[in-house]
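K.L.:
Have a look at this one before I ask anything.
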Amino acid sequence: MTLPAFLRTPRLRSAALPFAANGILYGTWASRIPEIQTRTGLSEGTLGLALLGLAVGLVVSAAAAGPLVARLGAHRVTLVALALFALAVVGPGLAVGLGSLAAVLVGLGLTSGLLDVSMNAWAAEVEAADGTTILGACHGSFSLGGMVGAGLGGAAAALGVPLALHFGACGLAFAGAALAQGLGVRAPAGAAPEADGDTPAVALPTGPVAGLAALAFCGLIVEGAMADWGAVFLREVLAASEAVAALGFAAFSACMAAARFGSDVATARVGDARLVRLGAALGAVGLAVCIVAPAVPLAVVGFGLVGLGFAAVVPALFRAASRAPLPPGVGIAAVAGAGYLGFLAGPPVIGFVAEASGLRTSFALLVALAGIVAAGSGAAFRRVRA
């Protein structure tokens with residue numbers, strides 16, 4: 001049996017492993033947020049304020065990570081960032097109030113954003129050096145890792161494992177693994193261009209990657225809305241129970257994870273730009289199905305179609321950004337930063353629209369954004385190639 005491309009050589013596997021580790025660590029802490037809220041005594045509003053620290057850290061570190069990757073090399077920054085992120089995961093388990101939780105979440109966001117940019121840059125470098133396509137599978141590894149981390153977190157909560165012990169064991173294990181991996185891994189020959197005097201201190205979505213950044217902004221608004229508003233849509237619009245309402249995001253996540261493992265083969269056959277165009281169009285169809293669905297089962301199918309359609313969008317945008325006339329980390333950081341803004345700012349906007357005109361109307365806005373991604377992909381990818 002032929003192994004998938006991302007498993008065929010040690011170097012390809014080493015590029016995929018940080019994605020899986022990142023997903024496990026993120027799922028680990030996120031799965032126990034309710035217990036963190038109880039321990040710190042925060043209301044929903046103050047918990048949201050603390051979580052804003054995570055968002056701030058993500059955006060700031062994404063902007064600064066690109067130049068750092070250009071100077072030090074993606075593989076070095078990835079392994080150090082993974083170790084730091086693993087240690088930062090320990091923090092939420094020790095927080096005792098709003099101030100301490102917000103502070104540790106800023107640190108979690110800073111290390112998470114640094115890891116996200118650097119590991120994507122490393123995977124893109126390995127792709128270029130080995131002449132293969134693995135970014136889709138790498139992102140699929142993150143999705144699976146998140147499911148594993150969430151499952152382990154649920155089991156730990158059921159067994160009454162203390163937060164500090166759970167997070168501490170995971171953090172130390174993954175930090176040690178990252179540092180151990182770094183002893184035997186070398187960057188691909190000629191992987192990352194050396195930074196020069198023209199390398200910016202902060203990666204901004206301008207120049208050849210501006211179009212890609214705009215697509216990432218729109219695409220991640222859709223992804224953020226699926227996470228934050230999917231269950232609410234099924235409950236409020238189609239009168240689903242709490243348990244049934246969770247099926248919408250579950251279908252979206254499962255279909256996205258599965259499709260990402262097949263997206264590399266699809267990319268090789270049709271190309272990044274066309275795959276983004278077709279995927280975003282399929283996502284728009286899925287959203288339209290959700291809007292017109294008379295019952296929950298059809299709406300859940302719509303959520304699944306959105307996951308299938310948008311599975312390849314972010315990996316394709318990051319791959320294209322890594323091939324722009326910029327150091328790979330700088331291009332990816334600029335696109336990732338714009339995407340984070342969309343992911344974080346989009347759900348509140350959807351909420352404002354829903355309050356004014358209803359959730360169906362707000363989901364119609366998502367259809368328009370998916371249409372923008374589909375219509376704008378050709379020009380954005382041509383600009384990078386030019």
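By order in the structure tokens, chains are A, B, ...; within a chain, residues start at 1; ligands start at 1, following the order shown.
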Counting only C-alpha atoms, which residues of region 333-358 of chain A fall within 10 Å of region 117-138 of chain A, and what is the closest atom pair for each with its distance in Å at one decimal, ordered by chain and rising number, as a tab-separated table?

P.N.:
```
residue	atom	partner	partner_atom	distance
A:Ala333	CA	A:Val117	CA	5.6
A:Ala334	CA	A:Val117	CA	9.3
A:Val335	CA	A:Val117	CA	9.5
A:Ala336	CA	A:Val117	CA	7.1
A:Gly337	CA	A:Val117	CA	9.1
```

K.L.:
Excluding same-chain residues fewer than 5 positions from Arg235 (chain A), what lies within 10 Å of it counting only C-alpha atoms, as a ChimeraX atom specification?

P.N.:
/A:229-230,240-246,296

K.L.:
Give me the residues within 10 Å of Ala345 (chain A) as a PDB file with all heavy atoms, in the first residue's frame, counting only C-alpha atoms and dropping any in the same chain fewer than 4 places off.

P.N.:
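Everything below was put into selection-v9.pdb:
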```pdb
ATOM      1  N   ALA A  55      -6.839  36.379  21.569  1.00  0.00           N
ATOM      2  CA  ALA A  55      -6.957  36.969  20.241  1.00  0.00           C
ATOM      3  C   ALA A  55      -5.877  38.023  20.001  1.00  0.00           C
ATOM      4  O   ALA A  55      -5.257  38.078  18.930  1.00  0.00           O
ATOM      5  CB  ALA A  55      -8.346  37.596  20.073  1.00  0.00           C
ATOM      6  N   PHE A 217      -9.120  36.731   4.877  1.00  0.00           N
ATOM      7  CA  PHE A 217     -10.009  37.486   5.759  1.00  0.00           C
ATOM      8  C   PHE A 217     -11.453  37.036   5.563  1.00  0.00           C
ATOM      9  O   PHE A 217     -12.161  36.725   6.528  1.00  0.00           O
ATOM     10  CB  PHE A 217      -9.861  38.972   5.475  1.00  0.00           C
ATOM     11  CG  PHE A 217     -10.739  39.862   6.315  1.00  0.00           C
ATOM     12  CD1 PHE A 217     -10.389  40.178   7.613  1.00  0.00           C
ATOM     13  CD2 PHE A 217     -11.918  40.381   5.799  1.00  0.00           C
ATOM     14  CE1 PHE A 217     -11.202  40.992   8.395  1.00  0.00           C
ATOM     15  CE2 PHE A 217     -12.734  41.189   6.563  1.00  0.00           C
ATOM     16  CZ  PHE A 217     -12.369  41.500   7.868  1.00  0.00           C
ATOM     17  N   LEU A 220     -11.964  33.103   6.521  1.00  0.00           N
ATOM     18  CA  LEU A 220     -11.953  32.771   7.941  1.00  0.00           C
ATOM     19  C   LEU A 220     -13.096  33.430   8.702  1.00  0.00           C
ATOM     20  O   LEU A 220     -13.421  32.998   9.810  1.00  0.00           O
ATOM     21  CB  LEU A 220     -10.602  33.128   8.547  1.00  0.00           C
ATOM     22  CG  LEU A 220      -9.512  32.106   8.178  1.00  0.00           C
ATOM     23  CD1 LEU A 220      -8.145  32.558   8.646  1.00  0.00           C
ATOM     24  CD2 LEU A 220      -9.840  30.752   8.758  1.00  0.00           C
ATOM     25  N   ILE A 221     -13.726  34.451   8.132  1.00  0.00           N
ATOM     26  CA  ILE A 221     -14.996  34.906   8.703  1.00  0.00           C
ATOM     27  C   ILE A 221     -16.015  33.783   8.629  1.00  0.00           C
ATOM     28  O   ILE A 221     -16.746  33.509   9.585  1.00  0.00           O
ATOM     29  CB  ILE A 221     -15.511  36.164   7.963  1.00  0.00           C
ATOM     30  CG1 ILE A 221     -14.682  37.393   8.328  1.00  0.00           C
ATOM     31  CG2 ILE A 221     -16.985  36.409   8.311  1.00  0.00           C
ATOM     32  CD1 ILE A 221     -15.112  38.653   7.607  1.00  0.00           C
ATOM     33  N   GLY A 224     -15.044  31.065  11.180  1.00  0.00           N
ATOM     34  CA  GLY A 224     -15.360  31.525  12.530  1.00  0.00           C
ATOM     35  C   GLY A 224     -16.846  31.503  12.812  1.00  0.00           C
ATOM     36  O   GLY A 224     -17.282  31.149  13.911  1.00  0.00           O
ATOM     37  N   ALA A 225     -17.637  31.867  11.802  1.00  0.00           N
ATOM     38  CA  ALA A 225     -19.091  31.860  11.978  1.00  0.00           C
ATOM     39  C   ALA A 225     -19.622  30.448  12.162  1.00  0.00           C
ATOM     40  O   ALA A 225     -20.557  30.211  12.938  1.00  0.00           O
ATOM     41  CB  ALA A 225     -19.762  32.522  10.780  1.00  0.00           C
ATOM     42  N   GLY A 339      -6.194  36.699   8.088  1.00  0.00           N
ATOM     43  CA  GLY A 339      -7.168  35.661   8.372  1.00  0.00           C
ATOM     44  C   GLY A 339      -7.609  35.652   9.829  1.00  0.00           C
ATOM     45  O   GLY A 339      -8.792  35.485  10.130  1.00  0.00           O
ATOM     46  N   TYR A 340      -6.649  35.840  10.745  1.00  0.00           N
ATOM     47  CA  TYR A 340      -6.994  35.899  12.166  1.00  0.00           C
ATOM     48  C   TYR A 340      -7.979  37.035  12.442  1.00  0.00           C
ATOM     49  O   TYR A 340      -8.921  36.880  13.229  1.00  0.00           O
ATOM     50  CB  TYR A 340      -5.748  36.103  13.013  1.00  0.00           C
ATOM     51  CG  TYR A 340      -4.861  34.888  13.142  1.00  0.00           C
ATOM     52  CD1 TYR A 340      -3.489  35.037  13.289  1.00  0.00           C
ATOM     53  CD2 TYR A 340      -5.376  33.601  13.122  1.00  0.00           C
ATOM     54  CE1 TYR A 340      -2.649  33.931  13.414  1.00  0.00           C
ATOM     55  CE2 TYR A 340      -4.556  32.494  13.240  1.00  0.00           C
ATOM     56  CZ  TYR A 340      -3.196  32.666  13.388  1.00  0.00           C
ATOM     57  OH  TYR A 340      -2.379  31.589  13.505  1.00  0.00           O
ATOM     58  N   LEU A 341      -7.740  38.171  11.818  1.00  0.00           N
ATOM     59  CA  LEU A 341      -8.661  39.297  12.013  1.00  0.00           C
ATOM     60  C   LEU A 341     -10.069  38.926  11.587  1.00  0.00           C
ATOM     61  O   LEU A 341     -11.049  39.243  12.269  1.00  0.00           O
ATOM     62  CB  LEU A 341      -8.166  40.520  11.245  1.00  0.00           C
ATOM     63  CG  LEU A 341      -6.978  41.264  11.841  1.00  0.00           C
ATOM     64  CD1 LEU A 341      -6.542  42.400  10.911  1.00  0.00           C
ATOM     65  CD2 LEU A 341      -7.310  41.821  13.216  1.00  0.00           C
ATOM     66  N   VAL A 349     -19.676  40.536  14.091  1.00  0.00           N
ATOM     67  CA  VAL A 349     -20.414  41.204  13.019  1.00  0.00           C
ATOM     68  C   VAL A 349     -21.650  40.386  12.646  1.00  0.00           C
ATOM     69  O   VAL A 349     -22.747  40.936  12.452  1.00  0.00           O
ATOM     70  CB  VAL A 349     -19.511  41.431  11.793  1.00  0.00           C
ATOM     71  CG1 VAL A 349     -20.324  41.968  10.615  1.00  0.00           C
ATOM     72  CG2 VAL A 349     -18.384  42.390  12.142  1.00  0.00           C
ATOM     73  N   ILE A 350     -21.464  39.074  12.538  1.00  0.00           N
ATOM     74  CA  ILE A 350     -22.606  38.206  12.244  1.00  0.00           C
ATOM     75  C   ILE A 350     -23.677  38.363  13.323  1.00  0.00           C
ATOM     76  O   ILE A 350     -24.881  38.388  13.042  1.00  0.00           O
ATOM     77  CB  ILE A 350     -22.145  36.738  12.153  1.00  0.00           C
ATOM     78  CG1 ILE A 350     -21.167  36.551  10.996  1.00  0.00           C
ATOM     79  CG2 ILE A 350     -23.343  35.802  11.999  1.00  0.00           C
ATOM     80  CD1 ILE A 350     -21.722  36.922   9.656  1.00  0.00           C
TER      81      ILE A 350
END
```

K.L.:
Run DSSP on the backbone and give me the residues of region 30-185 of chain A it puts in alpha helix (DSSP H), as a ChimeraX atom specification.

P.N.:
/A:30,33-40,44-72,74-88,98-130,135-158,163-182

K.L.:
I need the residue nearest Ala70 (chain A) from this list: A:Leu282, A:Leu42, A:Leu317, A:Val330. Use only C-alpha atoms for the distance.

P.N.:
A:Val330

K.L.:
With only C-alpha atoms as the basis for distance, which of A:Phe343, A:Phe261, A:Phe352, A:Phe310 is at the shortest distance from Ser141 (chain A)?

P.N.:
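Checking each of A:Phe343, A:Phe261, A:Phe352, A:Phe310 against Ser141 (chain A), counting only C-alpha atoms, the winner is A:Phe261.
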